[in-house]
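Participant: I am sharing protein-v4.pdb, which consists of PDB, C-alpha atoms:
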ATOM      1  CA  GLY K   1       7.122  36.922-122.244  1.00  0.00           C
ATOM      2  CA  GLU K   2       4.656  35.396-119.848  1.00  0.00           C
ATOM      3  CA  SER K   3       5.648  35.319-116.208  1.00  0.00           C
ATOM      4  CA  VAL K   4       4.469  31.992-114.945  1.00  0.00           C
ATOM      5  CA  GLY K   5       6.092  31.985-111.570  1.00  0.00           C
ATOM      6  CA  LEU K   6       7.033  34.760-109.199  1.00  0.00           C
ATOM      7  CA  HIS K   7       8.963  34.084-106.020  1.00  0.00           C
ATOM      8  CA  LEU K   8       9.811  30.585-107.137  1.00  0.00           C
ATOM      9  CA  PRO K   9      12.765  28.622-105.837  1.00  0.00           C
ATOM     10  CA  THR K  10      15.615  29.248-108.228  1.00  0.00           C
ATOM     11  CA  LEU K  11      18.618  27.275-109.376  1.00  0.00           C
ATOM     12  CA  SER K  12      21.431  28.894-111.297  1.00  0.00           C
ATOM     13  CA  VAL K  13      24.052  26.725-113.002  1.00  0.00           C
ATOM     14  CA  GLN K  14      26.856  27.114-115.474  1.00  0.00           C
ATOM     15  CA  GLU K  15      26.494  25.699-118.968  1.00  0.00           C
ATOM     16  CA  GLY K  16      27.819  22.158-119.047  1.00  0.00           C
ATOM     17  CA  ASP K  17      27.202  21.474-115.358  1.00  0.00           C
ATOM     18  CA  ASN K  18      24.685  18.951-114.135  1.00  0.00           C
ATOM     19  CA  SER K  19      21.467  20.266-112.568  1.00  0.00           C
ATOM     20  CA  ILE K  20      19.354  18.669-109.876  1.00  0.00           C
ATOM     21  CA  ILE K  21      15.836  19.917-109.250  1.00  0.00           C
ATOM     22  CA  ASN K  22      13.941  18.597-106.252  1.00  0.00           C
ATOM     23  CA  CYS K  23      10.281  18.118-105.469  1.00  0.00           C
ATOM     24  CA  ALA K  24       8.457  16.952-102.370  1.00  0.00           C
ATOM     25  CA  TYR K  25       5.096  15.384-103.091  1.00  0.00           C
ATOM     26  CA  SER K  26       2.183  15.317-100.736  1.00  0.00           C
ATOM     27  CA  ASN K  27       0.138  12.163-101.072  1.00  0.00           C
ATOM     28  CA  SER K  28       1.590   8.791-100.135  1.00  0.00           C
ATOM     29  CA  ALA K  29      -1.123   7.099-102.231  1.00  0.00           C
ATOM     30  CA  SER K  30       0.107   8.778-105.429  1.00  0.00           C
ATOM     31  CA  ASP K  31       1.703   6.232-107.729  1.00  0.00           C
ATOM     32  CA  TYR K  32       2.536   8.172-110.886  1.00  0.00           C
ATOM     33  CA  PHE K  33       4.772  11.213-111.236  1.00  0.00           C
ATOM     34  CA  ILE K  34       5.625  13.537-114.092  1.00  0.00           C
ATOM     35  CA  TRP K  35       8.193  16.273-114.675  1.00  0.00           C
ATOM     36  CA  TYR K  36       7.301  19.204-116.899  1.00  0.00           C
ATOM     37  CA  LYS K  37       9.321  22.076-118.363  1.00  0.00           C
ATOM     38  CA  GLN K  38       7.644  25.422-118.958  1.00  0.00           C
ATOM     39  CA  GLU K  39       9.240  28.212-120.937  1.00  0.00           C
ATOM     40  CA  SER K  40       8.002  31.766-120.675  1.00  0.00           C
ATOM     41  CA  GLY K  41       4.711  32.280-122.482  1.00  0.00           C
ATOM     42  CA  LYS K  42       4.259  28.612-123.336  1.00  0.00           C
ATOM     43  CA  GLY K  43       2.448  25.616-121.986  1.00  0.00           C
ATOM     44  CA  PRO K  44       4.157  22.921-119.920  1.00  0.00           C
ATOM     45  CA  GLN K  45       6.125  20.395-121.931  1.00  0.00           C
ATOM     46  CA  PHE K  46       6.309  16.757-120.829  1.00  0.00           C
ATOM     47  CA  ILE K  47       9.852  15.671-119.956  1.00  0.00           C
ATOM     48  CA  ILE K  48       9.704  12.296-118.244  1.00  0.00           C
ATOM     49  CA  ASP K  49       7.446  10.229-116.021  1.00  0.00           C
ATOM     50  CA  ILE K  50       7.885   7.453-113.488  1.00  0.00           C
ATOM     51  CA  ARG K  51       5.615   4.961-111.777  1.00  0.00           C
ATOM     52  CA  SER K  52       5.902   4.131-108.115  1.00  0.00           C
ATOM     53  CA  ASN K  53       7.162   0.614-108.811  1.00  0.00           C
ATOM     54  CA  MET K  54      10.409   2.174-110.037  1.00  0.00           C
ATOM     55  CA  ASP K  55      13.125   4.152-108.220  1.00  0.00           C
ATOM     56  CA  LYS K  56      14.870   5.555-111.264  1.00  0.00           C
ATOM     57  CA  ARG K  57      14.145   6.220-114.881  1.00  0.00           C
ATOM     58  CA  GLN K  58      16.407   7.693-117.533  1.00  0.00           C
ATOM     59  CA  GLY K  59      15.695   9.646-120.650  1.00  0.00           C
ATOM     60  CA  GLN K  60      17.826  11.672-122.980  1.00  0.00           C
ATOM     61  CA  ARG K  61      20.071  13.781-120.693  1.00  0.00           C
ATOM     62  CA  VAL K  62      17.487  13.504-117.906  1.00  0.00           C
ATOM     63  CA  THR K  63      17.064  11.123-114.989  1.00  0.00           C
ATOM     64  CA  VAL K  64      14.207  11.034-112.513  1.00  0.00           C
ATOM     65  CA  LEU K  65      14.711   9.546-109.054  1.00  0.00           C
ATOM     66  CA  LEU K  66      11.850   8.592-106.775  1.00  0.00           C
ATOM     67  CA  ASN K  67      12.171   8.068-103.020  1.00  0.00           C
ATOM     68  CA  LYS K  68       8.819   6.909-101.723  1.00  0.00           C
ATOM     69  CA  THR K  69      10.023   6.653 -98.146  1.00  0.00           C
ATOM     70  CA  VAL K  70      10.422  10.404 -97.839  1.00  0.00           C
ATOM     71  CA  LYS K  71       8.023  11.334-100.667  1.00  0.00           C
ATOM     72  CA  HIS K  72      10.744  12.989-102.717  1.00  0.00           C
ATOM     73  CA  LEU K  73      11.256  13.275-106.432  1.00  0.00           C
ATOM     74  CA  SER K  74      14.252  14.704-108.264  1.00  0.00           C
ATOM     75  CA  LEU K  75      15.081  15.571-111.848  1.00  0.00           C
ATOM     76  CA  GLN K  76      18.705  15.454-112.943  1.00  0.00           C
ATOM     77  CA  ILE K  77      19.720  17.191-116.147  1.00  0.00           C
ATOM     78  CA  ALA K  78      23.122  16.275-117.511  1.00  0.00           C
ATOM     79  CA  ALA K  79      25.350  18.798-119.302  1.00  0.00           C
ATOM     80  CA  THR K  80      22.868  21.618-118.845  1.00  0.00           C
ATOM     81  CA  GLN K  81      22.457  23.916-121.838  1.00  0.00           C
ATOM     82  CA  PRO K  82      21.110  27.485-122.133  1.00  0.00           C
ATOM     83  CA  GLY K  83      18.010  26.045-123.807  1.00  0.00           C
ATOM     84  CA  ASP K  84      17.231  24.215-120.578  1.00  0.00           C
ATOM     85  CA  SER K  85      16.475  27.523-118.849  1.00  0.00           C
ATOM     86  CA  ALA K  86      12.816  27.344-117.814  1.00  0.00           C
ATOM     87  CA  VAL K  87      10.503  26.620-114.907  1.00  0.00           C
ATOM     88  CA  TYR K  88      10.409  22.940-113.994  1.00  0.00           C
ATOM     89  CA  PHE K  89       7.646  21.412-111.960  1.00  0.00           C
ATOM     90  CA  CYS K  90       6.603  18.002-110.833  1.00  0.00           C
ATOM     91  CA  ALA K  91       3.134  16.531-110.767  1.00  0.00           C
ATOM     92  CA  GLU K  92       1.664  13.564-108.913  1.00  0.00           C
ATOM     93  CA  ASN K  93      -1.528  11.710-109.699  1.00  0.00           C
ATOM     94  CA  SER K  94      -3.645  12.773-106.777  1.00  0.00           C
ATOM     95  CA  GLY K  95      -3.933   9.729-104.559  1.00  0.00           C
ATOM     96  CA  GLY K  96      -3.731   7.305-107.440  1.00  0.00           C
ATOM     97  CA  SER K  97      -6.204   8.984-109.796  1.00  0.00           C
ATOM     98  CA  ASN K  98      -5.985   8.227-113.508  1.00  0.00           C
ATOM     99  CA  TYR K  99      -7.004  11.797-114.306  1.00  0.00           C
ATOM    100  CA  LYS K 100      -6.354  14.303-111.554  1.00  0.00           C
ATOM    101  CA  LEU K 101      -2.848  15.654-111.146  1.00  0.00           C
ATOM    102  CA  THR K 102      -1.504  17.803-108.322  1.00  0.00           C
ATOM    103  CA  PHE K 103       1.208  20.171-109.483  1.00  0.00           C
ATOM    104  CA  GLY K 104       4.107  21.649-107.550  1.00  0.00           C
ATOM    105  CA  LYS K 105       4.800  25.363-107.759  1.00  0.00           C
ATOM    106  CA  GLY K 106       7.965  24.936-109.772  1.00  0.00           C
ATOM    107  CA  THR K 107      11.662  25.759-109.754  1.00  0.00           C
ATOM    108  CA  LEU K 108      13.200  28.355-112.049  1.00  0.00           C
ATOM    109  CA  LEU K 109      16.368  27.029-113.670  1.00  0.00           C
ATOM    110  CA  THR K 110      18.753  29.587-115.140  1.00  0.00           C
ATOM    111  CA  VAL K 111      21.709  28.383-117.180  1.00  0.00           C
ATOM    112  CA  ASN K 112      24.582  30.824-117.508  1.00  0.00           C
ATOM    113  CA  PRO K 113      26.673  30.582-120.675  1.00  0.00           C
TER     114      PRO K 113
ATOM    115  CA  ASP H   1       0.968  20.179-136.849  1.00  0.00           C
ATOM    116  CA  GLY H   2      -0.388  17.796-134.256  1.00  0.00           C
ATOM    117  CA  GLY H   3      -1.147  18.741-130.710  1.00  0.00           C
ATOM    118  CA  ILE H   4      -3.324  20.834-128.449  1.00  0.00           C
ATOM    119  CA  THR H   5      -4.273  24.176-129.978  1.00  0.00           C
ATOM    120  CA  GLN H   6      -5.567  27.009-127.822  1.00  0.00           C
ATOM    121  CA  SER H   7      -6.932  30.254-129.126  1.00  0.00           C
ATOM    122  CA  PRO H   8      -6.715  33.138-128.844  1.00  0.00           C
ATOM    123  CA  LYS H   9      -3.291  33.674-127.300  1.00  0.00           C
ATOM    124  CA  TYR H  10      -4.492  36.838-125.534  1.00  0.00           C
ATOM    125  CA  LEU H  11      -8.065  37.687-124.593  1.00  0.00           C
ATOM    126  CA  PHE H  12      -9.569  40.722-122.932  1.00  0.00           C
ATOM    127  CA  ARG H  13     -12.875  40.824-121.101  1.00  0.00           C
ATOM    128  CA  LYS H  14     -15.000  43.652-119.882  1.00  0.00           C
ATOM    129  CA  GLU H  15     -16.635  43.469-116.501  1.00  0.00           C
ATOM    130  CA  GLY H  16     -19.863  41.448-116.643  1.00  0.00           C
ATOM    131  CA  GLN H  17     -19.042  39.654-119.885  1.00  0.00           C
ATOM    132  CA  ASN H  18     -18.751  35.959-120.526  1.00  0.00           C
ATOM    133  CA  VAL H  19     -15.863  34.822-122.708  1.00  0.00           C
ATOM    134  CA  THR H  20     -15.101  31.472-124.277  1.00  0.00           C
ATOM    135  CA  LEU H  21     -11.622  30.014-124.670  1.00  0.00           C
ATOM    136  CA  SER H  22     -11.072  27.500-127.428  1.00  0.00           C
ATOM    137  CA  CYS H  23      -9.188  24.209-127.131  1.00  0.00           C
ATOM    138  CA  GLU H  24      -8.860  21.798-130.033  1.00  0.00           C
ATOM    139  CA  GLN H  25      -6.819  18.611-130.269  1.00  0.00           C
ATOM    140  CA  ASN H  26      -5.920  16.180-133.040  1.00  0.00           C
ATOM    141  CA  LEU H  27      -4.136  13.650-130.858  1.00  0.00           C
ATOM    142  CA  ASN H  28      -7.200  11.415-130.468  1.00  0.00           C
ATOM    143  CA  HIS H  29      -7.122  11.971-126.711  1.00  0.00           C
ATOM    144  CA  ASP H  30     -10.214  10.786-124.891  1.00  0.00           C
ATOM    145  CA  ALA H  31      -9.548  12.947-121.835  1.00  0.00           C
ATOM    146  CA  MET H  32      -9.218  16.732-121.824  1.00  0.00           C
ATOM    147  CA  TYR H  33      -8.595  19.211-119.037  1.00  0.00           C
ATOM    148  CA  TRP H  34      -8.651  22.909-118.209  1.00  0.00           C
ATOM    149  CA  TYR H  35      -6.246  24.452-115.721  1.00  0.00           C
ATOM    150  CA  ARG H  36      -5.673  27.899-114.376  1.00  0.00           C
ATOM    151  CA  GLN H  37      -2.148  29.152-113.648  1.00  0.00           C
ATOM    152  CA  ASP H  38      -1.443  32.137-111.407  1.00  0.00           C
ATOM    153  CA  PRO H  39       1.999  33.543-110.517  1.00  0.00           C
ATOM    154  CA  GLY H  40       3.677  31.622-107.731  1.00  0.00           C
ATOM    155  CA  GLN H  41       1.091  28.843-107.710  1.00  0.00           C
ATOM    156  CA  GLY H  42       0.844  25.393-109.186  1.00  0.00           C
ATOM    157  CA  LEU H  43      -1.681  24.624-111.881  1.00  0.00           C
ATOM    158  CA  ARG H  44      -5.211  24.256-110.541  1.00  0.00           C
ATOM    159  CA  LEU H  45      -7.795  22.038-112.217  1.00  0.00           C
ATOM    160  CA  ILE H  46     -11.005  23.739-113.348  1.00  0.00           C
ATOM    161  CA  TYR H  47     -12.827  20.987-115.248  1.00  0.00           C
ATOM    162  CA  TYR H  48     -11.971  17.743-116.928  1.00  0.00           C
ATOM    163  CA  SER H  49     -13.678  15.383-119.343  1.00  0.00           C
ATOM    164  CA  GLN H  50     -12.965  11.691-119.650  1.00  0.00           C
ATOM    165  CA  ILE H  51     -15.161  11.145-122.683  1.00  0.00           C
ATOM    166  CA  VAL H  52     -17.462  12.984-125.077  1.00  0.00           C
ATOM    167  CA  ASN H  53     -20.642  14.380-123.501  1.00  0.00           C
ATOM    168  CA  ASP H  54     -19.293  13.941-119.988  1.00  0.00           C
ATOM    169  CA  PHE H  55     -17.279  16.238-117.731  1.00  0.00           C
ATOM    170  CA  GLN H  56     -16.517  16.707-114.042  1.00  0.00           C
ATOM    171  CA  LYS H  57     -15.717  19.671-111.853  1.00  0.00           C
ATOM    172  CA  GLY H  58     -12.179  20.128-110.725  1.00  0.00           C
ATOM    173  CA  ASP H  59     -10.949  22.008-107.688  1.00  0.00           C
ATOM    174  CA  ILE H  60     -11.952  25.524-108.779  1.00  0.00           C
ATOM    175  CA  ALA H  61     -14.997  25.128-111.061  1.00  0.00           C
ATOM    176  CA  GLU H  62     -17.041  28.026-109.675  1.00  0.00           C
ATOM    177  CA  GLY H  63     -17.579  30.722-112.282  1.00  0.00           C
ATOM    178  CA  TYR H  64     -16.609  28.470-115.198  1.00  0.00           C
ATOM    179  CA  SER H  65     -18.490  26.182-117.569  1.00  0.00           C
ATOM    180  CA  VAL H  66     -17.462  23.672-120.238  1.00  0.00           C
ATOM    181  CA  SER H  67     -18.932  21.468-122.930  1.00  0.00           C
ATOM    182  CA  ARG H  68     -17.641  18.368-124.688  1.00  0.00           C
ATOM    183  CA  GLU H  69     -19.803  17.821-127.741  1.00  0.00           C
ATOM    184  CA  LYS H  70     -16.941  16.546-129.870  1.00  0.00           C
ATOM    185  CA  LYS H  71     -13.874  14.523-128.980  1.00  0.00           C
ATOM    186  CA  GLU H  72     -11.618  17.137-130.539  1.00  0.00           C
ATOM    187  CA  SER H  73     -13.003  20.173-128.754  1.00  0.00           C
ATOM    188  CA  PHE H  74     -13.309  21.240-125.121  1.00  0.00           C
ATOM    189  CA  PRO H  75     -14.196  24.962-124.865  1.00  0.00           C
ATOM    190  CA  LEU H  76     -14.104  26.791-121.546  1.00  0.00           C
ATOM    191  CA  THR H  77     -16.450  29.681-120.756  1.00  0.00           C
ATOM    192  CA  VAL H  78     -15.388  32.145-118.099  1.00  0.00           C
ATOM    193  CA  THR H  79     -18.604  33.621-116.807  1.00  0.00           C
ATOM    194  CA  SER H  80     -19.253  36.955-115.131  1.00  0.00           C
ATOM    195  CA  ALA H  81     -19.619  35.005-111.884  1.00  0.00           C
ATOM    196  CA  GLN H  82     -15.860  34.413-111.848  1.00  0.00           C
ATOM    197  CA  LYS H  83     -14.675  37.334-109.743  1.00  0.00           C
ATOM    198  CA  ASN H  84     -10.976  37.028-110.409  1.00  0.00           C
ATOM    199  CA  PRO H  85     -10.654  35.787-113.990  1.00  0.00           C
ATOM    200  CA  THR H  86      -7.282  37.305-114.854  1.00  0.00           C
ATOM    201  CA  ALA H  87      -4.958  34.325-115.299  1.00  0.00           C
ATOM    202  CA  PHE H  88      -3.157  32.092-117.760  1.00  0.00           C
ATOM    203  CA  TYR H  89      -5.472  29.249-118.860  1.00  0.00           C
ATOM    204  CA  LEU H  90      -4.067  25.948-120.022  1.00  0.00           C
ATOM    205  CA  CYS H  91      -5.808  23.119-121.816  1.00  0.00           C
ATOM    206  CA  ALA H  92      -4.442  19.577-121.821  1.00  0.00           C
ATOM    207  CA  GLY H  93      -5.292  16.156-123.171  1.00  0.00           C
ATOM    208  CA  SER H  94      -4.344  12.621-122.333  1.00  0.00           C
ATOM    209  CA  GLY H  95      -5.095   9.052-123.183  1.00  0.00           C
ATOM    210  CA  THR H  96      -7.106   6.911-120.819  1.00  0.00           C
ATOM    211  CA  GLY H  97      -6.653   3.490-119.308  1.00  0.00           C
ATOM    212  CA  GLY H  98      -3.913   3.676-116.742  1.00  0.00           C
ATOM    213  CA  HIS H  99      -1.298   6.287-116.076  1.00  0.00           C
ATOM    214  CA  GLN H 100      -0.638   8.543-119.011  1.00  0.00           C
ATOM    215  CA  PRO H 101       0.920  12.015-119.100  1.00  0.00           C
ATOM    216  CA  GLN H 102      -1.122  15.068-119.907  1.00  0.00           C
ATOM    217  CA  HIS H 103       0.018  17.122-122.876  1.00  0.00           C
ATOM    218  CA  PHE H 104      -0.611  20.849-122.896  1.00  0.00           C
ATOM    219  CA  GLY H 105      -1.412  23.616-125.309  1.00  0.00           C
ATOM    220  CA  ASP H 106       0.371  26.975-125.195  1.00  0.00           C
ATOM    221  CA  GLY H 107      -2.285  28.727-123.157  1.00  0.00           C
ATOM    222  CA  THR H 108      -4.577  31.749-123.313  1.00  0.00           C
ATOM    223  CA  ARG H 109      -3.861  34.835-121.244  1.00  0.00           C
ATOM    224  CA  LEU H 110      -7.123  36.411-120.071  1.00  0.00           C
ATOM    225  CA  SER H 111      -7.148  39.971-118.773  1.00  0.00           C
ATOM    226  CA  ILE H 112      -9.891  42.268-117.515  1.00  0.00           C
ATOM    227  CA  LEU H 113     -10.295  45.682-119.117  1.00  0.00           C
TER     228      LEU H 113
END
Would you mind writing the file out in structure tokens?

Facilitator:
Amino acid sequence: GESVGLHLPTLSVQEGDNSIINCAYSNSASDYFIWYKQESGKGPQFIIDIRSNMDKRQGQRVTVLLNKTVKHLSLQIAATQPGDSAVYFCAENSGGSNYKLTFGKGTLLTVNP
Amino acid sequence: DGGITQSPKYLFRKEGQNVTLSCEQNLNHDAMYWYRQDPGQGLRLIYYSQIVNDFQKGDIAEGYSVSREKKESFPLTVTSAQKNPTAFYLCAGSGTGGHQPQHFGDGTRLSIL
């Protein structure tokens, strides 16, 4: 498959555990954030987004937390499954742009059965 | 199936040749984007288009060209002026008017023979 990230931060968890993936963003003027999942050889898949007027947003098995004070974003995955194994990366709308996103380099999540 | 369709999946270029990567969408997205992904790096924006017959340079536009003659199509040409074209190229689309996530195709891997 396609190698989309070498020398990435890695997180290894056991199946059924909860996973927390962290991201530090760069621009204090950014007001929209997105988490993507990318499997080997595929394009990034939208997971969840959050606007800066919120601190927390929940989806199915996923929760995103936003701490604007320290410019930190996290993605929590509940009851992690082998199918969750992928590279996860965050994106911020560059300084408030409606079009331009700045992407993090990603974290490789490996789920052990 | 609906979505962003990129073709071909793999593409090979000889030195000095231009090649064109296809991106088609049936999601009625006004905005479309081209990114380049290299190992260990975040996605970098090449070009984007907010509307038909209009496009703007991204962060790494040198050696690339685009057109947007139809809403559904946003082809990317990698010219011979691009000195390091080997990469994974991703096309995305999004709605306009406020913060909306970008949705990606499954990419084209370009390699130099």

Participant: Take the point (-2.6, 7.6, -96.1) in the file's coordinates, draw a sphere of radius 12 Å around it, and report as a PDB file with C-alpha atoms, keeping the file's coordinate frame every protein, DNA or RNA residue with an atom inside or on it, counting only C-alpha atoms.

Facilitator:
ATOM      1  CA  SER K  26       2.183  15.317-100.736  1.00  0.00           C
ATOM      2  CA  ASN K  27       0.138  12.163-101.072  1.00  0.00           C
ATOM      3  CA  SER K  28       1.590   8.791-100.135  1.00  0.00           C
ATOM      4  CA  ALA K  29      -1.123   7.099-102.231  1.00  0.00           C
ATOM      5  CA  SER K  30       0.107   8.778-105.429  1.00  0.00           C
ATOM      6  CA  SER K  94      -3.645  12.773-106.777  1.00  0.00           C
ATOM      7  CA  GLY K  95      -3.933   9.729-104.559  1.00  0.00           C
ATOM      8  CA  GLY K  96      -3.731   7.305-107.440  1.00  0.00           C
TER       9      GLY K  96
END

Participant: Work out how far apart CA of Pro9 (chain K) and CA of Leu108 (chain K) are and give it in Å to one decimal.

Facilitator: 6.2 Å

Participant: When distances are computed from all atoms listed in the file, which of K:Thr80, K:Thr10, K:Gln58, K:Asn93 shows the smallest separation from chain H?

Facilitator: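 Using all atoms listed in the file, chain H sits closest to K:Asn93.
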
Participant: Given the choices K:Met54, K:Asn98, K:Asp49, K:Gly59, which gets closest to Gly98 (chain H) if the distance is worked out from all atoms listed in the file?

Facilitator: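 Of the candidates, the smallest distance to Gly98 (chain H) is held by K:Asn98.
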
Participant: Carefully work through the PyMOL selection byres ((chain H and resi 52-66) around 12) for this structure and note down the residues it includes, as an mmCIF file with C-alpha atoms, keeping the file's coordinate frame.

Facilitator:
data_model
loop_
_atom_site.group_PDB
_atom_site.id
_atom_site.type_symbol
_atom_site.label_atom_id
_atom_site.label_comp_id
_atom_site.auth_asym_id
_atom_site.auth_seq_id
_atom_site.Cartn_x
_atom_site.Cartn_y
_atom_site.Cartn_z
ATOM 1 C CA SER K 94 -3.645 12.773 -106.777
ATOM 2 C CA TYR K 99 -7.004 11.797 -114.306
ATOM 3 C CA LYS K 100 -6.354 14.303 -111.554
ATOM 4 C CA LEU K 101 -2.848 15.654 -111.146
ATOM 5 C CA THR K 102 -1.504 17.803 -108.322
ATOM 6 C CA GLY H 16 -19.863 41.448 -116.643
ATOM 7 C CA GLN H 17 -19.042 39.654 -119.885
ATOM 8 C CA ASN H 18 -18.751 35.959 -120.526
ATOM 9 C CA VAL H 19 -15.863 34.822 -122.708
ATOM 10 C CA THR H 20 -15.101 31.472 -124.277
ATOM 11 C CA LEU H 21 -11.622 30.014 -124.670
ATOM 12 C CA SER H 22 -11.072 27.500 -127.428
ATOM 13 C CA CYS H 23 -9.188 24.209 -127.131
ATOM 14 C CA ASN H 28 -7.200 11.415 -130.468
ATOM 15 C CA HIS H 29 -7.122 11.971 -126.711
ATOM 16 C CA ASP H 30 -10.214 10.786 -124.891
ATOM 17 C CA ALA H 31 -9.548 12.947 -121.835
ATOM 18 C CA MET H 32 -9.218 16.732 -121.824
ATOM 19 C CA TYR H 33 -8.595 19.211 -119.037
ATOM 20 C CA TRP H 34 -8.651 22.909 -118.209
ATOM 21 C CA TYR H 35 -6.246 24.452 -115.721
ATOM 22 C CA ARG H 36 -5.673 27.899 -114.376
ATOM 23 C CA GLN H 37 -2.148 29.152 -113.648
ATOM 24 C CA LEU H 43 -1.681 24.624 -111.881
ATOM 25 C CA ARG H 44 -5.211 24.256 -110.541
ATOM 26 C CA LEU H 45 -7.795 22.038 -112.217
ATOM 27 C CA ILE H 46 -11.005 23.739 -113.348
ATOM 28 C CA TYR H 47 -12.827 20.987 -115.248
ATOM 29 C CA TYR H 48 -11.971 17.743 -116.928
ATOM 30 C CA SER H 49 -13.678 15.383 -119.343
ATOM 31 C CA GLN H 50 -12.965 11.691 -119.650
ATOM 32 C CA ILE H 51 -15.161 11.145 -122.683
ATOM 33 C CA SER H 67 -18.932 21.468 -122.930
ATOM 34 C CA ARG H 68 -17.641 18.368 -124.688
ATOM 35 C CA GLU H 69 -19.803 17.821 -127.741
ATOM 36 C CA LYS H 70 -16.941 16.546 -129.870
ATOM 37 C CA LYS H 71 -13.874 14.523 -128.980
ATOM 38 C CA GLU H 72 -11.618 17.137 -130.539
ATOM 39 C CA SER H 73 -13.003 20.173 -128.754
ATOM 40 C CA PHE H 74 -13.309 21.240 -125.121
ATOM 41 C CA PRO H 75 -14.196 24.962 -124.865
ATOM 42 C CA LEU H 76 -14.104 26.791 -121.546
ATOM 43 C CA THR H 77 -16.450 29.681 -120.756
ATOM 44 C CA VAL H 78 -15.388 32.145 -118.099
ATOM 45 C CA THR H 79 -18.604 33.621 -116.807
ATOM 46 C CA SER H 80 -19.253 36.955 -115.131
ATOM 47 C CA ALA H 81 -19.619 35.005 -111.884
ATOM 48 C CA GLN H 82 -15.860 34.413 -111.848
ATOM 49 C CA LYS H 83 -14.675 37.334 -109.743
ATOM 50 C CA ASN H 84 -10.976 37.028 -110.409
ATOM 51 C CA PRO H 85 -10.654 35.787 -113.990
ATOM 52 C CA TYR H 89 -5.472 29.249 -118.860
ATOM 53 C CA CYS H 91 -5.808 23.119 -121.816
#

Participant: Considering only C-alpha atoms, can you say which of K:Leu73, K:Ala78, K:Ile21, K:Val87 comes closest to chain H?

Facilitator: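 Selected residue with least distance to chain H: K:Val87.
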
Participant: Restricting the calculation to all atoms listed in the file: of H:Arg109, H:Gln102, H:Gly40, H:Lys14, which residue gets closest to chain K?

Facilitator: H:Gly40

Participant: What are the nearest atom pairs, with distances in Å to one decimal, for all residues of chain K that come at most 12 Å from chain H, using only C-alpha atoms, set out by chain and rising residue number as a tab-separated table?

Facilitator:
residue	atom	partner	partner_atom	distance
K:Gly1	CA	H:Arg109	CA	11.2
K:Glu2	CA	H:Arg109	CA	8.6
K:Ser3	CA	H:Pro39	CA	7.0
K:Val4	CA	H:Pro39	CA	5.3
K:Gly5	CA	H:Pro39	CA	4.5
K:Leu6	CA	H:Gly40	CA	4.8
K:His7	CA	H:Gly40	CA	6.1
K:Leu8	CA	H:Gly40	CA	6.2
K:Pro9	CA	H:Gly40	CA	9.8
K:Ser30	CA	H:His99	CA	11.0
K:Asp31	CA	H:His99	CA	8.9
K:Tyr32	CA	H:His99	CA	6.7
K:Phe33	CA	H:Pro101	CA	8.8
K:Ile34	CA	H:Pro101	CA	7.0
K:Trp35	CA	H:Pro101	CA	9.5
K:Tyr36	CA	H:His103	CA	9.6
K:Lys37	CA	H:Phe104	CA	11.0
K:Gln38	CA	H:Asp106	CA	9.7
K:Glu39	CA	H:Asp106	CA	9.9
K:Ser40	CA	H:Asp106	CA	10.1
K:Gly41	CA	H:Asp106	CA	7.4
K:Lys42	CA	H:Asp106	CA	4.6
K:Gly43	CA	H:Asp106	CA	4.1
K:Pro44	CA	H:Phe104	CA	6.0
K:Gln45	CA	H:Phe104	CA	6.8
K:Phe46	CA	H:His103	CA	6.6
K:Ile47	CA	H:Pro101	CA	9.7
K:Ile48	CA	H:Pro101	CA	8.8
K:Asp49	CA	H:Pro101	CA	7.4
K:Ile50	CA	H:His99	CA	9.6
K:Arg51	CA	H:His99	CA	8.2
K:Ser52	CA	H:His99	CA	10.9
K:Val87	CA	H:Gly40	CA	11.1
K:Tyr88	CA	H:Gly42	CA	11.0
K:Phe89	CA	H:Gly42	CA	8.4
K:Cys90	CA	H:Gly42	CA	9.5
K:Ala91	CA	H:Gly42	CA	9.3
K:Glu92	CA	H:Pro101	CA	10.3
K:Asn93	CA	H:His99	CA	8.4
K:Ser94	CA	H:Leu45	CA	11.5
K:Gly96	CA	H:His99	CA	9.0
K:Ser97	CA	H:His99	CA	8.4
K:Asn98	CA	H:His99	CA	5.7
K:Tyr99	CA	H:Gln50	CA	8.0
K:Lys100	CA	H:Leu45	CA	7.9
K:Leu101	CA	H:Leu45	CA	8.1
K:Thr102	CA	H:Leu43	CA	7.7
K:Phe103	CA	H:Gly42	CA	5.2
K:Gly104	CA	H:Gly42	CA	5.2
K:Lys105	CA	H:Gly42	CA	4.2
K:Gly106	CA	H:Gly42	CA	7.2
K:Thr107	CA	H:Gly40	CA	10.1
K:Leu108	CA	H:Gly40	CA	11.0

Participant: What gap, in Å, lies between CA of Asn18 (chain K) and CA of Asn53 (chain K)?

Facilitator: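 Straight-line distance from CA of Asn18 (chain K) to CA of Asn53 (chain K) works out to 25.9 Å.
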
Participant: Quick one: pull the distance between CA of Asn112 (chain K) and CA of Ser85 (chain K), Å, one decimal.

Facilitator: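 Taking CA of Asn112 (chain K) and CA of Ser85 (chain K), their separation equals 8.9 Å.
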
Participant: Put a box with edges along x, y and z around all the listed atoms of region 30-37 of chain H, pad it by 6 Å on each side, then give me its centre and sizes in Å, one decimal, as AutoDock Vina command-line options.

Facilitator:
--center_x -6.2 --center_y 20.0 --center_z -119.3 --size_x 20.1 --size_y 30.4 --size_z 23.2

Participant: Please expand the PyMOL selection byres ((chain K and resi 79) around 8) into the concrete residues it hits in this file, giving the result as a list in words.

Facilitator: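 Answer for the PyMOL selection byres ((chain K and resi 79) around 8): Glu15, Gly16, Asp17, Asn18, Ser19, Arg61, Ile77, Ala78, Thr80 and Gln81 of chain K.
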
Participant: Quick one: write out the picked residues with C-alpha atoms as a short mmCIF file (atom, residue, chain, number, x, y, z; two decimals), in the coordinates of the input?

Facilitator:
data_model
loop_
_atom_site.label_atom_id
_atom_site.label_comp_id
_atom_site.auth_asym_id
_atom_site.auth_seq_id
_atom_site.Cartn_x
_atom_site.Cartn_y
_atom_site.Cartn_z
CA GLU K 15 26.49 25.70 -118.97
CA GLY K 16 27.82 22.16 -119.05
CA ASP K 17 27.20 21.47 -115.36
CA ASN K 18 24.68 18.95 -114.14
CA SER K 19 21.47 20.27 -112.57
CA ARG K 61 20.07 13.78 -120.69
CA ILE K 77 19.72 17.19 -116.15
CA ALA K 78 23.12 16.27 -117.51
CA THR K 80 22.87 21.62 -118.84
CA GLN K 81 22.46 23.92 -121.84
#
